[in-house]
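Presented below is the structure to which this report refers.
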Amino acid sequence: MHALHKILADKARPERTAVTPGEVVEIEPDVYSAIVGVNAGEAKRLAADLAELGVKELPLRDRIYANSDHASPAPTVALAASQNAWRDFYRSYGIKIFDGGMGVSHLVMVEQGIVVPGSMAIAVDSHGATMGAVGAYATSLGGGRLTLYALGRHWIEVPKVTLVRISGKIKKGVLGRDVALYVNGRLGQRGAYGNAVEFAGSFVEHLSMDLRFTLCNMGVELGAVASYIQPDATTLDWVKERASKPFKVFETDRDFAYDATHEIDVSNIGPQIAVPHAPDDVRPVAEVEGRRIDQAYLGSCASGRLEDFAAAAAVLKGRKAHPDVRFIVTPGSREVLKAATKLGYIDVMHEANAIVTNANCGACPGLHGGILGPGDVAITSITRNFEGRMGPGGEIYLASPATVAASAIEGRIANPLKYL
Amino acid sequence: MRITGRVWKFPQDDINTGLIRRQMYNHLPFHEQGKHCMESLDPGFAAKAQPGDIIVAGKNFGCGSSTPAHQSVMALGIAAIVAESYGKLFLTNCVSGGLWPISCPGIVGLVNAGDRIEIDTEGWQVRNLASGKTLACAPLPGFFREMIELGGEKAYLKARLARSAGA
């Protein structure tokens with residue numbers, strides 16, 4: 001069995017000794033990562049449905065965390081009212097709220113040691129798979145929320161596993177995000193469709209946690225339902241000071257048969273960029289260098305970690321953003337913002353005339369903090385460049401934090417190498 | 001169960017939930033989201049679609065965000081979606097809402113816009129009533145089917161709680 005299957009077997013109710021890809025199992029999650037939502041009617045309906053079902057106490061109450069990360073703090077009256085409806089819902093059931101500024105839900109869950117190796121975590125956010133970087137089974141929820149609240153259970157179709165083995169040492173000016181983009185380009189939006197994806201190989205073994213989160217985050221854009229990296233010394237170092245509870249590291253059996261294996265050598269790649277409107281339409285930056293931009297946006301749960309800020313600051317130090325560019329910086333979490341402030345990265349951003357915001361999802365889902373107008377062109381380190389994601393009629397190029405920073409300086413898509 | 005309806009065809013692959021219903025409308029009451037359904041791809045669709053119609057789409061329909069974009073489809077009274085395949089979160093959102101997400105490899109080639117089709121959710125088959133041609137669909141897990149037939153996740157839970165109380 002794969003480690004992910006062992007986690008599923010452990011969390012299956014009744015508990016199982018084994019699970020088989022394709023079957024549907026009912027599991028009891030350790031954590032439900034929720035958000036302070038944006039639709040008032042949805043909160044009211046959920047409360048009414050629970051009342052109708054006669055549910056007064058939530059079986060998972062102490063395992064649910066409501067993060068205010070979408071449109072946070074509220075940019076419009078309508079969204080403020082929606083968020084209050086959700087706060088009312090959470091408070092009436094005694095659910096803990098992280099009410100803004102903590103950061104993006106799935107980053108907060110791992111930073112706070114709530115999701116640890118071996119955890120079974122369900123997220124309302126579609127990028128919940130990010131948490132698989134600590135060796136958890138982390139997946140996102142479409143339907144099933146009412147079942148989760150009412151019964152404390154979730155159904156999971158046991159996935160097959162795709163192995164992506166990445167090897168090689170990246171060249172100067174190339175970042176972990178470039179590798180993630182390259183993988184997305186190579187495998188495509190359905191490259192791990194419906195499967196879980198495991199990242200391994202010599203490149204991953206030497207990768208920091210910050211960039212492991214990036215890889216696992218972008219697994220979602222391969223169509224994967226979960227991402228996973230086998231915990232090692234790097235993971236345990238990162239987790240041990242944070243873990244809020246004891247944890248167990250699961251290991252994949254030596255004879256486990258992957259559904260597919262992809263070998264990817266990244267020694268020779270340059271900076272990568274995904275062009276509008278698909279996260280798998282990935283090219284070398286050189287192909288679109290010089291394209292005019294209106295906005296440069298650094299941040300998101302894909303690339304809003306401290307290392308991303310360090311890479312951007314290295315490019316920006318002593319330089320200014322181009323006067324025609326709105327340069328917006330949104331950290332993934334408060335932990336990142338505090339550390340980046342201490343280390344002087346935020347000062348570099350301010351000196352470059354960046355608009356530095358609180359930690360949240362920001363403009364990535366097009367809700368506030370840098371929405372694009374029709375015809376706007378943005379270069380950004382966010383998760384997806386789907387048509388209209390940051391605002392209808394906008395064009396989104398996805399690139400590494402260093403490429404975003406270099407482009408902010410030039411007002412055009414630029415290769416960061418000359419600034420490093 | 002047999003569902004018959006007129007086809008609206010969106011043959012592209014990877015139509016994400018933001019194209020089904022833009023994020024900027026996600027705070028609106030669900031019944032109002034219908035008029036924005038698919039507007040990025042066909043601005044006239046919401047006005048022209050009739051209750052009972054069927055959406056036919058390509059691969060990975062509803063990929064991307066977990067946002068409940070299916071509510072905009074349901075608000076129009078669409079009877080079913082038949083796609084080559086689905087984004088997994090959108091698929092379970094549909095099941096939870098009581099909307100049929102039928103997976104039918106080859107469907108884009110089987111039907112033209114405006115054709116009438118019949119979906120058989122027991123024999124797992126789609127028939128083009130204009131051409132008479134049929135295609136097999138991928139069966140949904142049994143409890144997904146039960147959930148949809150009962151009208152969605154709440155009705156399913158009610159039945160389940162009643163069963164366990166009776167047991």
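Going through the structure tokens in order, the chains are called A, B, and so on, while each chain numbers its residues from 1 and the ligands are numbered from 1 in the order shown.
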
Taking only C-alpha atoms into account, produce a table as a Markdown table in which each residue of chain A with an atom at most 9 Å from an atom of chain B appears once, together with its shortest atom pair and the distance in Å to one decimal, ordered by chain and rising number.
| residue | atom | partner | partner_atom | distance |
| --- | --- | --- | --- | --- |
| A:Glu23 | CA | B:Pro141 | CA | 8.8 |
| A:Val24 | CA | B:Pro141 | CA | 7.8 |
| A:Gly37 | CA | B:His27 | CA | 8.8 |
| A:Val38 | CA | B:His27 | CA | 5.4 |
| A:Asn39 | CA | B:His27 | CA | 4.3 |
| A:Ala40 | CA | B:His27 | CA | 7.0 |
| A:Gly41 | CA | B:Pro29 | CA | 6.0 |
| A:Glu42 | CA | B:Pro29 | CA | 8.3 |
| A:Asp49 | CA | B:Lys154 | CA | 6.8 |
| A:Leu50 | CA | B:Lys154 | CA | 8.7 |
| A:Glu52 | CA | B:Lys158 | CA | 8.7 |
| A:Leu53 | CA | B:Lys158 | CA | 6.3 |
| A:Ala78 | CA | B:His27 | CA | 7.1 |
| A:Leu79 | CA | B:His27 | CA | 6.6 |
| A:Ser82 | CA | B:His27 | CA | 7.0 |
| A:Val124 | CA | B:Ser66 | CA | 7.1 |
| A:Asp125 | CA | B:Ser66 | CA | 6.4 |
| A:Ser126 | CA | B:Ser66 | CA | 5.2 |
| A:His127 | CA | B:Ser65 | CA | 8.2 |
| A:Ser140 | CA | B:Leu89 | CA | 7.3 |
| A:Leu141 | CA | B:Leu89 | CA | 6.2 |
| A:Gly142 | CA | B:Leu89 | CA | 4.2 |
| A:Gly143 | CA | B:Asn93 | CA | 4.0 |
| A:Gly144 | CA | B:Ser96 | CA | 6.5 |
| A:Arg145 | CA | B:Ser96 | CA | 8.7 |
| A:Leu146 | CA | B:Glu153 | CA | 7.1 |
| A:Thr147 | CA | B:Leu157 | CA | 7.1 |
| A:Ala150 | CA | B:Leu157 | CA | 8.4 |
| A:Leu151 | CA | B:Leu157 | CA | 8.9 |
| A:Gln189 | CA | B:Asp14 | CA | 7.7 |
| A:Arg190 | CA | B:Asn60 | CA | 7.6 |
| A:Tyr193 | CA | B:Asn60 | CA | 8.4 |
| A:Gly194 | CA | B:Lys88 | CA | 6.8 |
| A:Val220 | CA | B:Gly64 | CA | 8.1 |
| A:Glu221 | CA | B:Gly64 | CA | 7.5 |
| A:Gly223 | CA | B:Gly87 | CA | 7.3 |
| A:Ala224 | CA | B:Lys88 | CA | 9.0 |
| A:Val225 | CA | B:Lys88 | CA | 7.6 |
| A:Ala278 | CA | B:Asp14 | CA | 9.0 |
| A:Pro365 | CA | B:Gln23 | CA | 7.0 |
| A:Gly366 | CA | B:Gln23 | CA | 6.9 |
| A:Leu367 | CA | B:Met24 | CA | 6.6 |
| A:Arg384 | CA | B:Gly64 | CA | 8.3 |
| A:Phe386 | CA | B:Asn16 | CA | 7.6 |
| A:Glu387 | CA | B:Leu19 | CA | 7.5 |
| A:Gly388 | CA | B:Gly18 | CA | 7.5 |
| A:Arg389 | CA | B:Gly18 | CA | 6.7 |
| A:Met390 | CA | B:Gln23 | CA | 8.9 |
| A:Gly391 | CA | B:Met24 | CA | 7.8 |
| A:Pro392 | CA | B:Arg22 | CA | 8.1 |

I want to know what sits within 9 Å of Glu84 in chain B, based on only C-alpha atoms, with residues of the same chain fewer than 2 positions away left out; could you give that as a PyMOL selection string? chain B and resi 13+56-61+82+86+102-108

Excluding Asp324 in chain A and any residue of its chain fewer than 3 positions from it, enumerate the residues within 9 Å of it, using only C-alpha atoms, and give them as a VMD selection string. chain A and resid 293 to 295 321 411

Within 12 Å of range 252-265 of chain A using only C-alpha atoms, minus same-chain residues under 5 positions, as a PDB file with C-alpha atoms, in the first residue's frame:
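selection_3.pdb was written with the following content:
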ATOM      1  CA  MET A   1       0.000   0.000   0.000  1.00  0.00           C
ATOM      2  CA  HIS A   2       0.961   3.606  -0.445  1.00  0.00           C
ATOM      3  CA  ALA A   3       1.446   5.749   2.670  1.00  0.00           C
ATOM      4  CA  LEU A   4      -1.651   7.702   1.627  1.00  0.00           C
ATOM      5  CA  HIS A   5      -3.676   4.485   1.487  1.00  0.00           C
ATOM      6  CA  LYS A   6      -2.408   3.558   4.958  1.00  0.00           C
ATOM      7  CA  ILE A   7      -3.614   6.911   6.271  1.00  0.00           C
ATOM      8  CA  THR A  20      -8.132  -0.463  -2.667  1.00  0.00           C
ATOM      9  CA  PRO A  21      -8.052   2.255  -5.317  1.00  0.00           C
ATOM     10  CA  GLY A 135       3.061  13.854   4.825  1.00  0.00           C
ATOM     11  CA  PRO A 159      -7.213   7.278  -5.503  1.00  0.00           C
ATOM     12  CA  LYS A 160      -4.482   5.639  -7.498  1.00  0.00           C
ATOM     13  CA  VAL A 161      -1.111   7.328  -7.083  1.00  0.00           C
ATOM     14  CA  THR A 162       1.016   9.044  -9.728  1.00  0.00           C
ATOM     15  CA  LEU A 163       4.718   9.371  -8.913  1.00  0.00           C
ATOM     16  CA  VAL A 164       6.589  12.421 -10.171  1.00  0.00           C
ATOM     17  CA  ARG A 165      10.298  11.921  -9.634  1.00  0.00           C
ATOM     18  CA  ILE A 166      12.250  15.130 -10.090  1.00  0.00           C
ATOM     19  CA  SER A 167      16.020  15.068 -10.375  1.00  0.00           C
ATOM     20  CA  GLY A 168      18.804  17.514 -11.093  1.00  0.00           C
ATOM     21  CA  LYS A 169      20.161  20.739  -9.680  1.00  0.00           C
ATOM     22  CA  ILE A 170      18.519  23.943 -10.866  1.00  0.00           C
ATOM     23  CA  VAL A 179      10.129  23.580 -11.374  1.00  0.00           C
ATOM     24  CA  ALA A 180       6.457  23.401 -10.374  1.00  0.00           C
ATOM     25  CA  TYR A 182       7.686  23.032 -15.633  1.00  0.00           C
ATOM     26  CA  VAL A 183       6.021  19.949 -14.138  1.00  0.00           C
ATOM     27  CA  ASN A 184       2.579  21.446 -14.811  1.00  0.00           C
ATOM     28  CA  GLY A 185       3.576  22.123 -18.389  1.00  0.00           C
ATOM     29  CA  ARG A 186       5.003  18.655 -18.923  1.00  0.00           C
ATOM     30  CA  LEU A 187       2.112  16.717 -17.396  1.00  0.00           C
ATOM     31  CA  GLY A 191      -1.646  14.815 -15.824  1.00  0.00           C
ATOM     32  CA  ALA A 192      -2.680  13.168 -12.552  1.00  0.00           C
ATOM     33  CA  TYR A 193      -6.424  13.387 -13.117  1.00  0.00           C
ATOM     34  CA  GLY A 194      -8.352  11.968 -10.170  1.00  0.00           C
ATOM     35  CA  ASN A 195      -5.188  10.447  -8.705  1.00  0.00           C
ATOM     36  CA  ALA A 196      -3.054  11.443  -5.769  1.00  0.00           C
ATOM     37  CA  VAL A 197       0.360  12.717  -6.812  1.00  0.00           C
ATOM     38  CA  GLU A 198       3.577  12.021  -4.938  1.00  0.00           C
ATOM     39  CA  PHE A 199       6.646  14.159  -5.522  1.00  0.00           C
ATOM     40  CA  ALA A 200      10.009  12.500  -4.926  1.00  0.00           C
ATOM     41  CA  GLY A 201      13.521  12.346  -6.350  1.00  0.00           C
ATOM     42  CA  SER A 202      16.843  14.029  -5.603  1.00  0.00           C
ATOM     43  CA  PHE A 203      15.510  17.527  -6.319  1.00  0.00           C
ATOM     44  CA  VAL A 204      12.672  17.104  -3.826  1.00  0.00           C
ATOM     45  CA  TYR A 228       2.189  13.978  -1.005  1.00  0.00           C
ATOM     46  CA  ILE A 229       5.855  14.148  -0.108  1.00  0.00           C
ATOM     47  CA  GLN A 230       7.256  11.416   2.130  1.00  0.00           C
ATOM     48  CA  PRO A 231       8.358  13.023   5.419  1.00  0.00           C
TER      49      PRO A 231
END

Excluding Ile35 in chain A and any residue of its chain fewer than 5 positions from it, enumerate the residues within 8 Å of it, using only C-alpha atoms, and give them as a PyMOL selection string. chain A and resi 65-70+105+124-125

At what distance in Å, to one decimal, does CA of Ala81 in chain A lie from CA of Thr357 in chain A?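 Interatomic distance, CA of Thr357 in chain A to CA of Ala81 in chain A: 22.1 Å.
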
Could you name the residues that touch Asn353 in chain A at 10 Å or less, counting only C-alpha atoms, but leaving out those on the same chain fewer than 4 positions away, as a list of chain:residue names?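 The filter keeps A:Arg319, A:Lys320, A:Ala321, A:His322, A:Pro323, A:Val325, A:Arg326, A:Phe327, A:Ile328, A:Asp347, A:Val348, A:Met349.
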
Could you tell me how far CA of His154 in chain A sits from CA of Lys11 in chain A, in Å to one decimal place?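 Atom-to-atom, CA of Lys11 in chain A to CA of His154 in chain A, that is 10.2 Å.
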
Check chain B with DSSP on the backbone and list each residue it calls alpha helix (DSSP H), as a PyMOL selection string. chain B and resi 17-20+30-33+45-48+70-75+88-97+107-110+142-150+153-166

Quick one, how far is CA of Ala226 in chain A from CA of Ile382 in chain A?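 Computing it gives 18.8 Å between the two atoms.
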
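Closest to Val329 in chain A among A:Met102, A:Ile413, A:Ala314, A:Leu298 is A:Leu298, based on only C-alpha atoms.
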
Quick one: of A:Lys317, A:Tyr149, A:Val116, A:Glu28, who's nearest to Lys56 in chain A, counting only C-alpha atoms?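 For Lys56 in chain A, the nearest of the given residues is A:Tyr149.
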
Name the residues in contact with Asn217 in chain A at a cut-off of 7 Å, using only C-alpha atoms, excluding same-chain residues fewer than 3 positions from it; report them as a list in words.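 Skipping anything fewer than 3 positions along the chain leaves His127, Ala129, Thr130, Phe213, Thr214, Val220 and Ala302 of chain A.
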
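When DSSP reads the backbone of this structure, the residues of range 63-156 of chain A it assigns to strand (DSSP E or B) are Ile64, Tyr65, Ala66, Asn67, Lys96, Ile97, Phe98, Gly103, Met120, Ala121, Ile122, Ala123, Tyr137, Ala138, Thr139, Ser140, His154, Trp155 and Ile156 of chain A.
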
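In this comparison, which uses only C-alpha atoms, the residue of B:Ala138, B:Ile148, B:Ile20, B:Leu110 approaching Ala80 in chain B most closely is B:Ile148.
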